[in-house]
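Scroll down for the structure; my scribbles are underneath it.
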Amino acid sequence: MRRSILSRQPSTLVAVDVLSPRTLDEALQMKAERPGAVPIQGGTDVMVDLNFDRGRPTALLNLNEVAELRGWSRENGRIWLGSGLTYTEAMQPPLSDLLPALAEASRTVGGPQIRNRGTIGGNLGTASPAGDAIPPLLVAGADVKLVTLRGERVVRLEEFLVGPKRNVLAEDELIAGVSVAPADSRETFMKVGPRNAMVISVVSLALRVDGELLAAFGSAGPVPTLVRAGAGDVHSFPDRVAEAASPIDDVRGTAAYRRHALRVLTRRALERCLV
(Lines give C-alpha, C1' and ligand atoms only; values in the text may rest on other atoms or scores of the structure.)
Protein backbone atom coordinates (compact mmCIF):
# COMPACT_ATOMS: atom_id res chain seq x y z
CA MET A 1 0.00 0.00 0.00
CA ARG A 2 1.25 3.48 -0.83
CA ARG A 3 -0.10 6.91 0.00
CA SER A 4 1.35 10.41 0.27
CA ILE A 5 1.29 13.05 2.95
CA LEU A 6 2.22 16.72 2.70
CA SER A 7 5.21 17.81 4.75
CA ARG A 8 5.84 21.51 5.24
CA GLN A 9 9.25 22.96 4.45
CA PRO A 10 10.01 26.69 4.60
CA SER A 11 7.72 28.41 2.06
CA THR A 12 6.70 25.15 0.37
CA LEU A 13 4.89 21.84 0.78
CA VAL A 14 6.67 18.59 -0.05
CA ALA A 15 4.92 15.27 -0.72
CA VAL A 16 6.26 12.33 1.29
CA ASP A 17 5.28 8.85 0.14
CA VAL A 18 4.13 6.50 2.92
CA LEU A 19 4.76 2.84 2.07
CA SER A 20 2.74 0.40 4.20
CA PRO A 21 3.74 -3.25 3.75
CA ARG A 22 1.71 -6.01 5.35
CA THR A 23 4.50 -8.60 5.62
CA LEU A 24 8.24 -8.58 6.17
CA ASP A 25 8.82 -9.77 2.60
CA GLU A 26 6.81 -6.82 1.29
CA ALA A 27 8.75 -4.46 3.56
CA LEU A 28 12.09 -5.77 2.28
CA GLN A 29 10.92 -5.48 -1.33
CA MET A 30 9.85 -1.87 -0.77
CA LYS A 31 13.10 -1.06 1.00
CA ALA A 32 15.10 -2.55 -1.88
CA GLU A 33 13.13 -0.49 -4.40
CA ARG A 34 13.25 2.69 -2.28
CA PRO A 35 16.48 2.46 -0.23
CA GLY A 36 16.05 6.07 0.90
CA ALA A 37 12.73 5.26 2.60
CA VAL A 38 13.03 5.82 6.35
CA PRO A 39 11.54 3.01 8.50
CA ILE A 40 8.96 4.22 11.00
CA GLN A 41 6.93 2.33 13.59
CA GLY A 42 6.49 4.24 16.83
CA GLY A 43 7.81 7.41 15.19
CA THR A 44 8.98 8.88 18.51
CA ASP A 45 12.35 9.78 16.96
CA VAL A 46 11.49 10.09 13.26
CA MET A 47 8.59 12.48 13.78
CA VAL A 48 10.70 14.77 15.96
CA ASP A 49 13.23 15.07 13.14
CA LEU A 50 10.44 15.73 10.64
CA ASN A 51 8.74 18.32 12.82
CA PHE A 52 11.98 20.20 13.45
CA ASP A 53 13.02 19.92 9.80
CA ARG A 54 16.16 17.94 10.68
CA GLY A 55 15.25 15.24 8.18
CA ARG A 56 13.11 15.31 5.05
CA PRO A 57 12.91 11.87 3.44
CA THR A 58 11.04 11.36 0.19
CA ALA A 59 9.38 8.25 1.65
CA LEU A 60 8.50 6.65 4.98
CA LEU A 61 8.36 2.87 5.35
CA ASN A 62 5.52 2.24 7.80
CA LEU A 63 6.22 -1.05 9.64
CA ASN A 64 3.19 -1.03 11.92
CA GLU A 65 1.37 -3.75 9.99
CA VAL A 66 4.35 -6.15 9.84
CA ALA A 67 3.45 -8.78 12.45
CA GLU A 68 6.81 -10.59 12.11
CA LEU A 69 8.57 -7.67 13.78
CA ARG A 70 6.40 -7.61 16.91
CA GLY A 71 6.53 -9.40 20.24
CA TRP A 72 9.11 -11.62 21.90
CA SER A 73 9.82 -15.32 22.39
CA ARG A 74 12.30 -17.77 23.91
CA GLU A 75 14.69 -19.52 21.56
CA ASN A 76 17.42 -22.03 22.56
CA GLY A 77 17.96 -20.56 26.00
CA ARG A 78 17.98 -16.95 24.71
CA ILE A 79 15.25 -14.36 24.32
CA TRP A 80 14.20 -12.96 20.96
CA LEU A 81 12.94 -9.36 20.98
CA GLY A 82 11.26 -8.24 17.78
CA SER A 83 12.26 -4.77 16.60
CA GLY A 84 8.64 -3.68 17.06
CA LEU A 85 8.63 -4.53 20.79
CA THR A 86 7.43 -1.45 22.67
CA TYR A 87 8.76 -0.11 25.94
CA THR A 88 5.39 -0.81 27.53
CA GLU A 89 5.64 -4.47 26.51
CA ALA A 90 9.20 -4.66 27.88
CA MET A 91 7.86 -3.48 31.26
CA GLN A 92 5.33 -6.33 31.57
CA PRO A 93 5.94 -9.76 33.17
CA PRO A 94 7.13 -12.33 32.38
CA LEU A 95 9.56 -10.44 30.11
CA SER A 96 10.32 -7.88 32.83
CA ASP A 97 11.35 -10.76 35.12
CA LEU A 98 13.73 -12.15 32.49
CA LEU A 99 15.27 -8.77 31.59
CA PRO A 100 14.77 -6.50 34.63
CA ALA A 101 17.32 -3.86 33.54
CA LEU A 102 15.51 -3.40 30.24
CA ALA A 103 12.21 -3.11 32.11
CA GLU A 104 13.69 -0.51 34.47
CA ALA A 105 15.09 1.48 31.55
CA SER A 106 11.76 1.30 29.72
CA ARG A 107 9.96 2.81 32.71
CA THR A 108 12.13 5.95 32.42
CA VAL A 109 11.35 6.54 28.72
CA GLY A 110 9.00 9.48 28.16
CA GLY A 111 5.40 9.28 29.32
CA PRO A 112 2.84 6.49 28.81
CA GLN A 113 2.07 7.59 25.24
CA ILE A 114 5.75 7.45 24.24
CA ARG A 115 6.24 4.07 25.96
CA ASN A 116 3.20 2.71 24.13
CA ARG A 117 4.61 3.78 20.75
CA GLY A 118 8.41 3.73 21.07
CA THR A 119 10.16 0.51 20.08
CA ILE A 120 13.43 -1.31 20.73
CA GLY A 121 14.17 -1.32 17.01
CA GLY A 122 13.67 2.43 16.82
CA ASN A 123 16.19 2.95 19.63
CA LEU A 124 18.72 0.80 17.76
CA GLY A 125 18.03 2.46 14.42
CA THR A 126 18.46 5.96 15.86
CA ALA A 127 21.69 4.79 17.58
CA SER A 128 21.73 7.76 19.93
CA PRO A 129 24.42 7.72 22.64
CA ALA A 130 21.54 8.49 25.03
CA GLY A 131 19.32 5.59 23.90
CA ASP A 132 17.95 4.14 27.15
CA ALA A 133 17.33 0.61 25.84
CA ILE A 134 20.87 0.14 24.56
CA PRO A 135 22.88 -0.25 27.82
CA PRO A 136 20.56 -3.04 29.12
CA LEU A 137 20.83 -4.80 25.75
CA LEU A 138 24.63 -4.52 25.86
CA VAL A 139 24.95 -6.19 29.27
CA ALA A 140 22.56 -8.90 28.01
CA GLY A 141 24.96 -9.77 25.17
CA ALA A 142 22.63 -8.63 22.39
CA ASP A 143 23.05 -9.83 18.82
CA VAL A 144 21.23 -7.71 16.22
CA LYS A 145 19.61 -9.52 13.29
CA LEU A 146 19.56 -7.54 10.03
CA VAL A 147 17.54 -8.73 7.05
CA THR A 148 17.38 -7.94 3.32
CA LEU A 149 16.08 -9.65 0.20
CA ARG A 150 19.65 -10.94 -0.18
CA GLY A 151 19.55 -12.76 3.14
CA GLU A 152 20.33 -11.96 6.74
CA ARG A 153 23.28 -11.32 9.02
CA VAL A 154 23.81 -11.15 12.76
CA VAL A 155 25.96 -8.40 14.29
CA ARG A 156 27.06 -7.99 17.88
CA LEU A 157 25.48 -4.86 19.33
CA GLU A 158 28.94 -3.46 20.17
CA GLU A 159 29.81 -3.69 16.46
CA PHE A 160 26.41 -2.45 15.27
CA LEU A 161 26.93 0.99 16.84
CA VAL A 162 29.71 2.92 15.10
CA GLY A 163 29.19 6.55 16.14
CA PRO A 164 26.68 9.13 17.36
CA LYS A 165 23.43 8.25 15.56
CA ARG A 166 25.37 5.95 13.20
CA ASN A 167 25.13 2.19 12.76
CA VAL A 168 26.14 -0.47 10.24
CA LEU A 169 22.71 -0.80 8.56
CA ALA A 170 22.98 -1.02 4.78
CA GLU A 171 20.49 0.99 2.71
CA ASP A 172 18.35 -2.05 1.91
CA GLU A 173 18.49 -3.63 5.41
CA LEU A 174 15.93 -3.62 8.19
CA ILE A 175 16.37 -4.51 11.86
CA ALA A 176 14.43 -7.71 12.52
CA GLY A 177 15.19 -7.76 16.24
CA VAL A 178 17.77 -8.77 18.82
CA SER A 179 18.68 -11.98 20.62
CA VAL A 180 19.75 -11.61 24.26
CA ALA A 181 20.65 -13.79 27.23
CA PRO A 182 18.18 -13.72 30.12
CA ALA A 183 19.44 -12.51 33.49
CA ASP A 184 20.42 -15.57 35.53
CA SER A 185 21.46 -13.39 38.47
CA ARG A 186 21.05 -9.70 39.32
CA GLU A 187 20.95 -6.70 37.01
CA THR A 188 19.71 -3.14 37.21
CA PHE A 189 19.50 0.18 35.35
CA MET A 190 20.07 3.69 36.65
CA LYS A 191 19.82 7.08 35.04
CA VAL A 192 20.70 10.67 35.95
CA GLY A 193 18.58 13.50 34.58
CA PRO A 194 16.90 16.72 35.70
CA ARG A 195 13.94 14.53 36.67
CA ASN A 196 13.14 10.81 36.80
CA ALA A 197 11.26 10.45 33.51
CA MET A 198 10.35 12.25 30.29
CA VAL A 199 13.94 13.46 29.95
CA ILE A 200 17.05 12.62 27.93
CA SER A 201 19.61 11.11 30.29
CA VAL A 202 22.64 13.11 31.38
CA VAL A 203 24.23 9.72 31.94
CA SER A 204 22.84 6.19 32.29
CA LEU A 205 24.16 2.82 33.40
CA ALA A 206 23.07 -0.81 33.18
CA LEU A 207 24.83 -3.41 35.33
CA ARG A 208 24.66 -7.21 35.30
CA VAL A 209 26.47 -9.47 37.78
CA ASP A 210 26.65 -12.87 36.11
CA GLY A 211 29.89 -14.66 37.00
CA GLU A 212 31.61 -11.44 35.93
CA LEU A 213 30.81 -7.76 36.18
CA LEU A 214 29.18 -6.21 33.10
CA ALA A 215 28.38 -2.51 32.91
CA ALA A 216 27.21 -0.45 29.95
CA PHE A 217 26.81 3.30 29.99
CA GLY A 218 25.02 5.83 27.81
CA SER A 219 25.44 9.58 27.25
CA ALA A 220 29.12 9.41 28.21
CA GLY A 221 30.77 8.71 24.86
CA PRO A 222 30.09 8.60 21.12
CA VAL A 223 28.32 5.25 21.54
CA PRO A 224 26.96 3.33 24.54
CA THR A 225 29.89 1.27 25.79
CA LEU A 226 30.29 -2.11 27.53
CA VAL A 227 32.86 -2.61 30.29
CA ARG A 228 33.79 -6.04 31.69
CA ALA A 229 35.68 -7.12 34.81
CA GLY A 230 36.13 -10.19 36.96
CA ALA A 231 33.88 -10.82 39.94
CA GLY A 232 36.78 -10.05 42.26
CA ASP A 233 37.21 -6.51 40.89
CA VAL A 234 34.20 -5.04 42.68
CA HIS A 235 36.11 -2.30 44.49
CA SER A 236 37.97 -1.04 41.41
CA PHE A 237 35.06 -1.45 39.00
CA PRO A 238 33.47 2.03 39.50
CA ASP A 239 36.78 3.67 38.60
CA ARG A 240 37.23 1.35 35.62
CA VAL A 241 33.79 2.26 34.25
CA ALA A 242 34.41 5.98 34.72
CA GLU A 243 37.81 5.73 33.01
CA ALA A 244 36.26 3.95 30.01
CA ALA A 245 33.97 6.93 29.34
CA SER A 246 34.77 9.78 26.97
CA PRO A 247 32.08 12.33 27.89
CA ILE A 248 31.68 15.85 26.54
CA ASP A 249 30.43 19.15 27.90
CA ASP A 250 26.98 20.09 26.62
CA VAL A 251 23.80 21.82 27.75
CA ARG A 252 22.79 18.82 29.87
CA GLY A 253 26.02 18.41 31.85
CA THR A 254 29.78 18.70 31.91
CA ALA A 255 32.24 15.93 31.09
CA ALA A 256 33.56 16.03 34.66
CA TYR A 257 30.06 15.65 36.11
CA ARG A 258 29.24 12.75 33.80
CA ARG A 259 32.41 10.87 34.75
CA HIS A 260 31.73 11.47 38.46
CA ALA A 261 28.09 10.38 38.05
CA LEU A 262 29.16 7.17 36.30
CA ARG A 263 31.41 6.30 39.22
CA VAL A 264 28.57 6.91 41.69
CA LEU A 265 25.99 5.01 39.61
CA THR A 266 28.29 2.00 39.26
CA ARG A 267 28.88 1.90 43.00
CA ARG A 268 25.15 2.13 43.72
CA ALA A 269 24.30 -0.50 41.09
CA LEU A 270 26.85 -2.90 42.58
CA GLU A 271 25.36 -2.39 46.03
CA ARG A 272 21.89 -3.10 44.64
CA CYS A 273 22.96 -6.25 42.79
CA LEU A 274 25.29 -7.74 45.39
CA VAL A 275 23.06 -7.40 48.44
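Labels used: A, B, ... for chains in the order of the C-alpha coordinates, numbers from 1 for residues in each chain, and numbers from 1 for ligands as shown.
Running DSSP on the backbone and keeping only alpha helix (DSSP H), the residues of segment 107-191 of chain A that qualify are Arg107, Pro112, Gln113, Ile114, Arg115, Asn116, Arg117, Ile120, Gly121, Gly122, Asn123, Leu124, Gly125, Thr126, Ile134, Pro135, Pro136, Leu137, Leu138, Val139, Leu157, Glu158, Glu159 and Phe160 of chain A.
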Quiz item: Could you pull the residues within 7 Å of Leu161 of chain A, counting only C-alpha atoms, minus those fewer than 4 positions along the same chain, as a ChimeraX atom specification?
Solution: /A:127,157,166-168,223
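Every protein or nucleic acid residue with an atom no more than 9 Å from Val234 of chain A, counting only C-alpha atoms and leaving out same-chain residues fewer than 6 positions away, appears here: Leu213, Arg267 and Leu270 of chain A.
Distances to Glu65 of chain A were evaluated for A:Gly110, A:Gly77, A:Pro21, A:Pro194 using only C-alpha atoms, and the minimum falls at A:Pro21.
Take the candidates A:Asp239, A:Glu187, A:Glu158, A:Glu173 and check each one against Ile134 of chain A using only C-alpha atoms; the shortest distance goes to A:Glu158.
Around Leu63 of chain A, within 7 Å and counting only C-alpha atoms, the residues found are Ser20, Pro21, Pro39, Ile40, Gln41, Leu61, Glu65 and Val66 of chain A, once anything fewer than 2 positions away on its own chain is removed.
Distances here use only C-alpha atoms; by that measure, the residue among A:Gly125, A:Ala103, A:Val155, A:Val203 closest to Ala256 of chain A is A:Val203.
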